[in-house]
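Below is one structure; the comments refer to it alone.
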Amino acid sequence: MKNNKKCPLCNLTDREKDNVYYEDDVFFIARTKTLKGHKERIMIGSKLHIDKINAPYTNGIWWGNSILPKNIIDTLENICKEVFSYTYKVVVMEGGYASIPEHFHLVITDLEPDSDDFYQILGTRWLHVIDIKPWK
Ligand SMILES: [Zn+2]
């Protein structure tokens with residue numbers, strides 16, 4: 001599908017290079033524009049203006065309505081371990097409250113209780129939990 005000029009996620013990797021942690025032909029991993037009271041907040045998204053990823057990847061893993069290749073999940077986990085090294089666990093949230101539902105992206109957040117969206121995080125289904133470091 002063609003990129004949409006009005007969509008903030010289309011061409012994000014060109015506009016916000018400083019906030020991009022990873023990109024390939026299909027995916028990007030980047031800091032979200034608003035941090036909502038978190039020290040870090042990132043998202044994984046598609047570079048195309050599509051609402052789900054469903055290519056039949058070998059070793060693909062279902063996250064919500066999309067199938068993600070194992071290697072991109074490994075890449076995401078490695079980035080999270082660096083970016084979120086200040087905390088213990090982060091979660092990949094289902095896109096239920098996503099502001100741009102027509103463009104595939106999932107937000108990965110820490111569990112900071114003083115954040116602006118803490119109760120929304122608790123009210124959203126988690127597709128995946130990433131262990132950053134062990135407790136003590
Ligand atoms: Zn888009």
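Just so we're on the same page: first chain in the structure tokens is A, next is B, and so on; residues restart at 1 for each chain, and ligands are numbered from 1 in the order they show up.
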Mind checking which residues fall within 10 Å of Gly96 (chain A), counting only C-alpha atoms, ignoring those fewer than 6 positions away in the same chain, and posting them as a PDB file with N, CA and C atoms, in the first residue's frame?
```
ATOM      1  N   GLY A  64      -1.061 -10.277  18.601  1.00  0.00           N
ATOM      2  CA  GLY A  64      -2.324  -9.654  18.222  1.00  0.00           C
ATOM      3  C   GLY A  64      -2.738 -10.120  16.842  1.00  0.00           C
ATOM      4  N   LEU A 106       3.095  -1.118  17.555  1.00  0.00           N
ATOM      5  CA  LEU A 106       2.843  -1.574  18.911  1.00  0.00           C
ATOM      6  C   LEU A 106       3.785  -0.820  19.833  1.00  0.00           C
ATOM      7  N   GLY A 123      -4.953  -1.562  31.855  1.00  0.00           N
ATOM      8  CA  GLY A 123      -6.220  -1.898  31.211  1.00  0.00           C
ATOM      9  C   GLY A 123      -6.068  -2.438  29.800  1.00  0.00           C
ATOM     10  N   THR A 124      -4.844  -2.503  29.312  1.00  0.00           N
ATOM     11  CA  THR A 124      -4.582  -2.965  27.952  1.00  0.00           C
ATOM     12  C   THR A 124      -4.001  -4.379  28.009  1.00  0.00           C
ATOM     13  N   ARG A 125      -4.415  -5.224  27.069  1.00  0.00           N
ATOM     14  CA  ARG A 125      -3.844  -6.565  27.027  1.00  0.00           C
ATOM     15  C   ARG A 125      -2.379  -6.474  26.616  1.00  0.00           C
TER      16      ARG A 125
END
```
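Among the residues of chain A, backbone DSSP assigns alpha helix (DSSP H) to A:Leu12, A:Thr13, A:Asp14, A:Arg15, A:Lys70, A:Asn71, A:Ile72, A:Ile73, A:Asp74, A:Thr75, A:Leu76, A:Glu77, A:Asn78, A:Ile79, A:Cys80, A:Lys81, A:Glu82, A:Val83, A:Phe118, A:Tyr119, A:Gln120, A:Ile121, A:Leu122, A:Gly123.
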I need the residues in region 78-121 of chain A that are strand (DSSP E) according to DSSP; give them as a VMD selection string.
chain A and resid 89 to 93 105 to 109
Using only C-alpha atoms, determine which residues lie at most 7 Å from Ile29 (chain A), disregarding the query and same-chain residues fewer than 4 positions distant; provide the list as a PyMOL selection string.
chain A and resi 20-23+43-45
Residues within 9 Å of ligand 1, counting only C-alpha atoms and all ligand atoms: report them as a list in words.
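Counting only C-alpha atoms and all ligand atoms, the residues within 9 Å of ligand 1 come out as Lys2, Asn3, Asn4, Lys5, Lys6, Cys7, Pro8, Leu9, Cys10, Asn11, Leu12, Ser46, Lys47, Leu48, His49, Ile50, Asp51, Ile100, Glu102, His103 and Phe104 of chain A.
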Please report the interatomic distance between CA of Leu127 (chain A) and CA of Asn71 (chain A) in Å with one decimal.
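It comes out at 16.9 Å.
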Name all residues at most 7 Å from region 55-59 of chain A (count only C-alpha atoms; drop same-chain ones fewer than 2 positions away) and give them as a list in words.
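Contacts, with the query itself left out: Ile53, Ile61, Ile67, Pro69 and Lys70 of chain A.
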Pull N, CA and C atoms from the residues just selected and write them as a PDB file, in the first residue's frame.
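Saved to out_38.pdb:
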```pdb
ATOM      1  N   ILE A  53       0.619  -7.045   9.938  1.00  0.00           N
ATOM      2  CA  ILE A  53       1.717  -7.739   9.275  1.00  0.00           C
ATOM      3  C   ILE A  53       1.323  -9.206   9.235  1.00  0.00           C
ATOM      4  N   ILE A  61       5.726 -15.358  14.701  1.00  0.00           N
ATOM      5  CA  ILE A  61       5.033 -15.441  15.989  1.00  0.00           C
ATOM      6  C   ILE A  61       3.867 -14.452  15.961  1.00  0.00           C
ATOM      7  N   ILE A  67       1.650 -11.282  12.403  1.00  0.00           N
ATOM      8  CA  ILE A  67       2.697 -12.294  12.550  1.00  0.00           C
ATOM      9  C   ILE A  67       4.039 -11.593  12.383  1.00  0.00           C
ATOM     10  N   PRO A  69       8.244 -11.866  12.396  1.00  0.00           N
ATOM     11  CA  PRO A  69       9.321 -12.844  12.280  1.00  0.00           C
ATOM     12  C   PRO A  69      10.149 -12.893  13.554  1.00  0.00           C
ATOM     13  N   LYS A  70      10.601 -14.088  13.893  1.00  0.00           N
ATOM     14  CA  LYS A  70      11.371 -14.293  15.127  1.00  0.00           C
ATOM     15  C   LYS A  70      12.578 -13.360  15.197  1.00  0.00           C
TER      16      LYS A  70
END
```
For Pro101 (chain A), the closest of A:Thr13, A:Asn65, A:Asn54, A:Thr32 counting only C-alpha atoms is A:Asn65
Restricting the calculation to only C-alpha atoms: of A:Ala30, A:Val83, A:Ile121, A:Ile130, which residue gets closest to Ala98 (chain A)?
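Looking only at the distances to Ala98 (chain A), the closest residue turns out to be A:Ile121.
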To one decimal place in Å, what is the distance between CA of Gly95 (chain A) and CA of Arg41 (chain A)?
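These two atoms are separated by 14.5 Å.
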Work out how far CA of Leu68 (chain A) is from CA of Thr34 (chain A), in Å to one decimal.
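CA of Leu68 (chain A) lies at a distance of 24.7 Å from CA of Thr34 (chain A).
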